[in-house]
There are 2 protein chains.
Amino acid sequence: MMGVTLLKAEQIRTLAGRALHRVGVPDENAALQIDLLLEAELRGRPSHGLLRLPRLVERINNSVASGTASGIHKWRGDSLLEVDGEGGLGPVVAMKALNEAARRAKEAGVAVVAIRNNNHLGMLAWYADRIASRGFVLLGLSTSEALVHAWGGRSAILGTNPIAIGVPTAREPFVLDMATSLVSMGQIHDHAQRDQPIPEGWAVDANGDATTDAAAAKSGAIAPFGDAKGYALGLAIEVLIVSLTNSAIGRDVTGTLDSTTACNKGDLFVVVDPAMGKDLAARISQYLDAVRASGDKVAVPGDRARATRQQKLTGGVLLPQELWHRLCDLAGATRQH
Amino acid sequence: MMGVTLLKAEQIRTLAGRALHRVGVPDENAALQIDLLLEAELRGRPSHGLLRLPRLVERINNSVASGTASGIHKWRGDSLLEVDGEGGLGPVVAMKALNEAARRAKEAGVAVVAIRNNNHLGMLAWYADRIASRGFVLLGLSTSEALVHAWGGRSAILGTNPIAIGVPTAREPFVLDMATSLVSMGQIHDHAQRDQPIPEGWAVDANGDATTDAAAAKSGAIAPFGDAKGYALGLAIEVLIVSLTNSAIGRDVTGTLDSTTACNKGDLFVVVDPAMGKDLAARISQYLDAVRASGDKVAVPGDRARATRQQKLTGGVLLPQELWHRLCDLAGATRQH
């Protein structure tokens, strides 16, 4: 059994900040990157959490990620912002672009951001929440390395291609954030590590045959969510992003999982100013309450994450001890536990 | 066994044109509406086909649809077009707005269209195909009457909320068009008519209990596709559209199925000019071929519809005899079969 360490969010923030400072990331950029990873921990999504930091540090050390770059902006027309991310940190490049886009959306109604050469965005909910909290509607899409097979397919040819949608309401923003894969490769690895079989339908092996062997699935491909429809959506997201970012596609995508290759996937955001009045915001919140009340087990996207966040903000975040030690080493700090 | 009638596409076009002419729809508007319905027949989606015409005629006669209105346009900023559809015909209002949006996207890079008070859009693939054929990327979303339950829910509270994505390629456009429900209410009705049970997981009855009784499902709710994720996506589409169109939401949506109430749902389109060069278009087409080759049973969205269309263009379209007779009556024509 691996040990775990219970930490306050601020402890993590401080230590991770030192780790990024040591590899030359300016404080402002480090703060964004760490907030993104920490929020994933707080919302109960450790696969997008601090686990990612050691690899990011390696990527900076290997010069396939830049802690200082924030992206080169080029407006094509009034409302389409094309960004060369220059290999900057995912949230640094994306938030600079989204801030510009929100400003433009205030005037033009809408702005679209098409980003290439950017590092991993991490949890898209973070962007949707930030932008929707400022009163804007956000649609966010991103590609990633091919891990997912087509419906009826035998090999990985699609990214996990997440979609996020953020909408302001009378209370906290409505935030959807989901991958278009049935499960994450992280879940497959978890099962493999624990020598547990995976459920039928999760994956195919390297030969393209259906498998319940987690170890075999690691070198195969994971299923799209929602059968043919979910596959079709994931494929559409892949094609849509590439058409607007001119990024790599399918099996050509690299750098979202390793620490040695440049990240050549694409990110796409649509920012709209809904100019929403109080009545409309209230009507949306009332509707979401009616959805919650439509069954004992109904949750609205974001509900569980919000509850988990509240609990972890007071109770603390559990990190694997090994990860915490790694972060201490990266920060040049004495191991505090 | 009900009879069927084999017809050439042009026969249908002519007859349907007369039917709409008789209720005062200008030729240009009728041509758009009929092309939309006919294309659904050609692509093997009769639930969105000529079946819809008699109800549309009734809606015009009942003054809840207007054959002449084409929508009032109001630009909010350079790139956001708000449209009051004035109860016009779905494709008439939408195509006028999309033509404007495409013009604007040519200059601004992007335009978003938010439509309310418009009649049923029909098959979204038709719009995606048209706009992508002209070199633009299209994202199309629409709400509809509540027929779908939340994941874990017991009553209908979501529309079937379709999503369409059209992207130009080096060949025919890539076109995704899918509802976010697991099946259509039409499929439930089909089973009920043939006294066949429906598969488990398709629907709940009026009490919110899972059912395989098609008749009971008719007064209940159909499942979202893709379990929790598909539900979350359908809900996000509902909320996103309402936030930008200020249209009705959830159980308040009317007029997409009946012939007596005004249609108060919302439609949302994002039009982007990808300024796509030949290389990128070719790269996308090559990728789609690689996806097709990734398994014996893999289809890219649109492949089957395209094959069916080709076959029906030469072989003809089969309509239920009863529907054909109805169309003949509406056109004031002698029944030709």
# chains A, B, ... in the order shown; residues from 1 in each chain; ligands from 1
>>> interface_residues(of="chain A", to="chain B", cutoff="6 Å", atoms="only C-alpha atoms", output="PyMOL selection string")
chain A and resi 77-80+107-110+152-154+226+244+274+294-295+297-298
>>> write_last_selection(atoms="all heavy atoms", output="short mmCIF file (atom, residue, chain, number, x, y, z; two decimals), in the first residue's frame")
data_model
loop_
_atom_site.label_atom_id
_atom_site.label_comp_id
_atom_site.auth_asym_id
_atom_site.auth_seq_id
_atom_site.Cartn_x
_atom_site.Cartn_y
_atom_site.Cartn_z
N GLY A 77 -9.41 39.01 -39.25
CA GLY A 77 -10.72 39.64 -39.10
C GLY A 77 -10.89 40.11 -37.66
O GLY A 77 -9.97 39.99 -36.83
N ASP A 78 -12.04 40.66 -37.37
CA ASP A 78 -12.30 41.25 -36.05
C ASP A 78 -12.47 40.21 -34.95
O ASP A 78 -12.31 40.53 -33.78
CB ASP A 78 -13.62 42.06 -36.10
CG ASP A 78 -13.36 43.49 -36.48
OD1 ASP A 78 -12.17 43.85 -36.62
OD2 ASP A 78 -14.33 44.23 -36.65
N SER A 79 -12.82 38.99 -35.33
CA SER A 79 -13.30 38.06 -34.30
C SER A 79 -12.60 36.72 -34.26
O SER A 79 -13.00 35.85 -33.49
CB SER A 79 -14.81 37.84 -34.46
OG SER A 79 -15.51 39.03 -34.25
N LEU A 80 -11.57 36.54 -35.07
CA LEU A 80 -10.88 35.24 -35.06
C LEU A 80 -9.41 35.45 -34.69
O LEU A 80 -8.65 36.06 -35.44
CB LEU A 80 -11.01 34.57 -36.44
CG LEU A 80 -10.31 33.21 -36.62
CD1 LEU A 80 -10.70 32.23 -35.53
CD2 LEU A 80 -10.64 32.64 -37.99
N GLU A 107 -17.22 43.68 -27.47
CA GLU A 107 -17.55 44.61 -28.56
C GLU A 107 -18.24 43.92 -29.73
O GLU A 107 -19.24 44.39 -30.24
CB GLU A 107 -16.26 45.25 -29.11
CG GLU A 107 -15.55 46.13 -28.12
CD GLU A 107 -14.08 46.32 -28.51
OE1 GLU A 107 -13.73 46.09 -29.69
OE2 GLU A 107 -13.28 46.67 -27.62
N ALA A 108 -17.66 42.80 -30.18
CA ALA A 108 -18.13 42.16 -31.41
C ALA A 108 -19.21 41.12 -31.15
O ALA A 108 -19.80 40.59 -32.08
CB ALA A 108 -16.95 41.50 -32.13
N GLY A 109 -19.47 40.84 -29.88
CA GLY A 109 -20.45 39.80 -29.54
C GLY A 109 -19.81 38.44 -29.37
O GLY A 109 -20.19 37.66 -28.52
N VAL A 110 -18.80 38.17 -30.22
CA VAL A 110 -18.20 36.84 -30.30
C VAL A 110 -16.72 36.96 -30.61
O VAL A 110 -16.31 37.85 -31.35
CB VAL A 110 -18.80 36.04 -31.49
CG1 VAL A 110 -18.25 34.62 -31.50
CG2 VAL A 110 -20.30 36.07 -31.48
N GLY A 152 -16.18 0.49 -34.01
CA GLY A 152 -15.94 -0.59 -34.97
C GLY A 152 -14.48 -0.67 -35.39
O GLY A 152 -14.11 -1.55 -36.15
N GLY A 153 -13.66 0.23 -34.88
CA GLY A 153 -12.26 0.28 -35.28
C GLY A 153 -11.36 -0.57 -34.39
O GLY A 153 -11.77 -1.00 -33.32
N ARG A 154 -10.13 -0.77 -34.83
CA ARG A 154 -9.22 -1.70 -34.16
C ARG A 154 -7.95 -1.04 -33.64
O ARG A 154 -7.09 -1.70 -33.06
CB ARG A 154 -8.86 -2.84 -35.11
CG ARG A 154 -10.09 -3.64 -35.58
CD ARG A 154 -9.72 -4.73 -36.58
NE ARG A 154 -8.95 -5.78 -35.96
CZ ARG A 154 -9.46 -6.81 -35.28
NH1 ARG A 154 -10.77 -6.92 -35.15
NH2 ARG A 154 -8.69 -7.73 -34.77
N GLY A 226 -20.39 6.45 -25.61
CA GLY A 226 -21.64 6.56 -26.36
C GLY A 226 -21.65 5.89 -27.72
O GLY A 226 -22.31 6.38 -28.64
N LEU A 244 -9.29 24.66 -38.10
CA LEU A 244 -9.12 26.05 -37.70
C LEU A 244 -7.75 26.36 -37.09
O LEU A 244 -7.36 27.52 -36.99
CB LEU A 244 -10.24 26.46 -36.73
CG LEU A 244 -11.63 26.45 -37.39
CD1 LEU A 244 -12.72 26.69 -36.36
CD2 LEU A 244 -11.71 27.49 -38.50
N PRO A 274 -23.26 36.83 -23.79
CA PRO A 274 -24.69 36.58 -23.87
C PRO A 274 -25.52 37.80 -23.50
O PRO A 274 -26.74 37.79 -23.70
CB PRO A 274 -24.91 35.45 -22.87
CG PRO A 274 -23.84 35.62 -21.86
CD PRO A 274 -22.67 36.22 -22.58
N SER A 294 -35.61 15.99 -11.08
CA SER A 294 -36.32 15.06 -11.96
C SER A 294 -35.97 13.59 -11.68
O SER A 294 -36.32 12.71 -12.45
CB SER A 294 -36.06 15.42 -13.43
OG SER A 294 -34.74 15.08 -13.81
N GLY A 295 -35.30 13.32 -10.58
CA GLY A 295 -34.97 11.95 -10.17
C GLY A 295 -34.07 12.01 -8.95
O GLY A 295 -33.38 13.03 -8.75
N LYS A 297 -31.40 10.48 -8.34
CA LYS A 297 -29.97 10.31 -8.58
C LYS A 297 -29.43 11.28 -9.62
O LYS A 297 -28.37 11.07 -10.18
CB LYS A 297 -29.70 8.87 -9.05
CG LYS A 297 -29.94 7.81 -7.99
CD LYS A 297 -29.90 6.41 -8.60
CE LYS A 297 -31.02 6.20 -9.62
NZ LYS A 297 -31.05 4.88 -10.24
N VAL A 298 -30.19 12.34 -9.90
CA VAL A 298 -29.77 13.25 -10.97
C VAL A 298 -28.78 14.28 -10.46
O VAL A 298 -29.02 14.93 -9.44
CB VAL A 298 -31.00 13.96 -11.57
CG1 VAL A 298 -30.54 14.97 -12.62
CG2 VAL A 298 -31.95 12.95 -12.19
#
>>> select_by_dssp(residues="region 6-168 of chain B", states="strand (DSSP E or B)", output="PyMOL selection string")
chain B and resi 6-7+66+72-76+80-84+88+110-116+137-142+148-149+156-158+163-167
>>> atom_distance(atom1="CA of Cys328 (chain B)", atom2="CA of His21 (chain B)")
13.0 Å
>>> residues_around(residues="Lys265 (chain B)", least_positions_apart="4", cutoff="7 Å", atoms="only C-alpha atoms", output="tab-separated table (two decimals) with C-alpha atoms, in the first residue's frame")
chain	number	residue	atom	x	y	z
B	116	ARG	CA	-35.70	32.36	-31.63
B	117	ASN	CA	-39.33	32.09	-32.79
B	143	THR	CA	-33.42	22.63	-28.83
B	144	SER	CA	-36.77	20.88	-29.08
B	247	SER	CA	-35.83	30.98	-26.00
B	248	ALA	CA	-38.02	28.66	-23.92
B	253	VAL	CA	-40.67	24.35	-25.20
>>> closest_residue(among="A:Asp329, A:Asp267, A:Asp303, A:Glu145", to="Val93 (chain A)", atoms="only C-alpha atoms")
A:Asp267
>>> select_by_dssp(residues="region 126-191 of chain B", states="helix (DSSP H, G or I)", output="list in words")
Trp126, Tyr127, Ala128, Asp129, Arg130, Ile131, Ala132, Ser133, Met185, Gly186, Gln187, Ile188, His189, Asp190 and His191 of chain B
>>> residues_around(residues="Leu330 (chain B)", least_positions_apart="5", cutoff="10 Å", atoms="only C-alpha atoms", output="ChimeraX atom specification")
/B:15-16,18-23,53-54,57,324-325
>>> atom_distance(atom1="CA of His48 (chain B)", atom2="CA of Thr211 (chain B)")
25.9 Å
>>> atom_distance(atom1="CA of Gly201 (chain B)", atom2="CA of Ala214 (chain B)")
11.8 Å
>>> residues_around(residues="Ser47 (chain A)", least_positions_apart="2", cutoff="12 Å", atoms="only C-alpha atoms", output="ChimeraX atom specification")
/A:37-45,49-53,122-123,183-190,257,319
>>> closest_residue(among="A:Lys218, A:Asn29, A:Lys74, A:Thr308", to="Gly17 (chain A)", atoms="only C-alpha atoms")
A:Asn29
>>> decode(residues="region 296-313 of chain A", atoms="N, CA, C and O atoms", output="PDB file, in the first residue's frame")
ATOM      1  N   ASP A 296     -34.068  10.949  -8.163  1.00  0.00           N
ATOM      2  CA  ASP A 296     -33.290  10.967  -6.921  1.00  0.00           C
ATOM      3  C   ASP A 296     -31.788  11.005  -7.175  1.00  0.00           C
ATOM      4  O   ASP A 296     -31.014  11.443  -6.333  1.00  0.00           O
ATOM      5  N   LYS A 297     -31.399  10.478  -8.337  1.00  0.00           N
ATOM      6  CA  LYS A 297     -29.966  10.310  -8.578  1.00  0.00           C
ATOM      7  C   LYS A 297     -29.427  11.283  -9.616  1.00  0.00           C
ATOM      8  O   LYS A 297     -28.367  11.074 -10.180  1.00  0.00           O
ATOM      9  N   VAL A 298     -30.193  12.340  -9.896  1.00  0.00           N
ATOM     10  CA  VAL A 298     -29.775  13.246 -10.965  1.00  0.00           C
ATOM     11  C   VAL A 298     -28.785  14.283 -10.457  1.00  0.00           C
ATOM     12  O   VAL A 298     -29.025  14.928  -9.440  1.00  0.00           O
ATOM     13  N   ALA A 299     -27.686  14.440 -11.165  1.00  0.00           N
ATOM     14  CA  ALA A 299     -26.738  15.512 -10.864  1.00  0.00           C
ATOM     15  C   ALA A 299     -26.597  16.386 -12.100  1.00  0.00           C
ATOM     16  O   ALA A 299     -26.703  15.910 -13.222  1.00  0.00           O
ATOM     17  N   VAL A 300     -26.386  17.649 -11.887  1.00  0.00           N
ATOM     18  CA  VAL A 300     -26.070  18.565 -12.976  1.00  0.00           C
ATOM     19  C   VAL A 300     -24.549  18.629 -13.063  1.00  0.00           C
ATOM     20  O   VAL A 300     -23.875  18.639 -12.021  1.00  0.00           O
ATOM     21  N   PRO A 301     -23.990  18.630 -14.287  1.00  0.00           N
ATOM     22  CA  PRO A 301     -22.532  18.675 -14.410  1.00  0.00           C
ATOM     23  C   PRO A 301     -21.948  19.774 -13.523  1.00  0.00           C
ATOM     24  O   PRO A 301     -22.437  20.895 -13.541  1.00  0.00           O
ATOM     25  N   GLY A 302     -20.946  19.435 -12.780  1.00  0.00           N
ATOM     26  CA  GLY A 302     -20.303  20.405 -11.899  1.00  0.00           C
ATOM     27  C   GLY A 302     -20.722  20.279 -10.440  1.00  0.00           C
ATOM     28  O   GLY A 302     -19.985  20.678  -9.541  1.00  0.00           O
ATOM     29  N   ASP A 303     -21.907  19.711 -10.200  1.00  0.00           N
ATOM     30  CA  ASP A 303     -22.412  19.600  -8.815  1.00  0.00           C
ATOM     31  C   ASP A 303     -21.448  18.837  -7.917  1.00  0.00           C
ATOM     32  O   ASP A 303     -21.076  19.305  -6.837  1.00  0.00           O
ATOM     33  N   ARG A 304     -21.067  17.645  -8.382  1.00  0.00           N
ATOM     34  CA  ARG A 304     -20.221  16.801  -7.533  1.00  0.00           C
ATOM     35  C   ARG A 304     -18.852  17.429  -7.337  1.00  0.00           C
ATOM     36  O   ARG A 304     -18.306  17.432  -6.240  1.00  0.00           O
ATOM     37  N   ALA A 305     -18.303  17.988  -8.412  1.00  0.00           N
ATOM     38  CA  ALA A 305     -16.985  18.618  -8.330  1.00  0.00           C
ATOM     39  C   ALA A 305     -17.014  19.771  -7.330  1.00  0.00           C
ATOM     40  O   ALA A 305     -16.070  19.952  -6.552  1.00  0.00           O
ATOM     41  N   ARG A 306     -18.106  20.511  -7.328  1.00  0.00           N
ATOM     42  CA  ARG A 306     -18.223  21.660  -6.427  1.00  0.00           C
ATOM     43  C   ARG A 306     -18.269  21.201  -4.964  1.00  0.00           C
ATOM     44  O   ARG A 306     -17.642  21.794  -4.096  1.00  0.00           O
ATOM     45  N   ALA A 307     -19.010  20.132  -4.726  1.00  0.00           N
ATOM     46  CA  ALA A 307     -19.111  19.605  -3.359  1.00  0.00           C
ATOM     47  C   ALA A 307     -17.750  19.077  -2.900  1.00  0.00           C
ATOM     48  O   ALA A 307     -17.311  19.336  -1.769  1.00  0.00           O
ATOM     49  N   THR A 308     -17.077  18.350  -3.792  1.00  0.00           N
ATOM     50  CA  THR A 308     -15.760  17.807  -3.459  1.00  0.00           C
ATOM     51  C   THR A 308     -14.779  18.935  -3.161  1.00  0.00           C
ATOM     52  O   THR A 308     -13.996  18.872  -2.206  1.00  0.00           O
ATOM     53  N   ARG A 309     -14.841  19.983  -3.975  1.00  0.00           N
ATOM     54  CA  ARG A 309     -13.948  21.125  -3.798  1.00  0.00           C
ATOM     55  C   ARG A 309     -14.123  21.747  -2.420  1.00  0.00           C
ATOM     56  O   ARG A 309     -13.142  22.038  -1.719  1.00  0.00           O
ATOM     57  N   GLN A 310     -15.376  21.955  -2.040  1.00  0.00           N
ATOM     58  CA  GLN A 310     -15.680  22.576  -0.758  1.00  0.00           C
ATOM     59  C   GLN A 310     -15.101  21.744   0.384  1.00  0.00           C
ATOM     60  O   GLN A 310     -14.486  22.269   1.309  1.00  0.00           O
ATOM     61  N   GLN A 311     -15.262  20.435   0.234  1.00  0.00           N
ATOM     62  CA  GLN A 311     -14.809  19.523   1.267  1.00  0.00           C
ATOM     63  C   GLN A 311     -13.279  19.514   1.363  1.00  0.00           C
ATOM     64  O   GLN A 311     -12.704  19.561   2.450  1.00  0.00           O
ATOM     65  N   LYS A 312     -12.625  19.523   0.210  1.00  0.00           N
ATOM     66  CA  LYS A 312     -11.160  19.457   0.215  1.00  0.00           C
ATOM     67  C   LYS A 312     -10.532  20.789   0.623  1.00  0.00           C
ATOM     68  O   LYS A 312      -9.412  20.821   1.142  1.00  0.00           O
ATOM     69  N   LEU A 313     -11.223  21.892   0.354  1.00  0.00           N
ATOM     70  CA  LEU A 313     -10.690  23.193   0.764  1.00  0.00           C
ATOM     71  C   LEU A 313     -10.558  23.250   2.278  1.00  0.00           C
ATOM     72  O   LEU A 313      -9.605  23.828   2.802  1.00  0.00           O
TER      73      LEU A 313
END
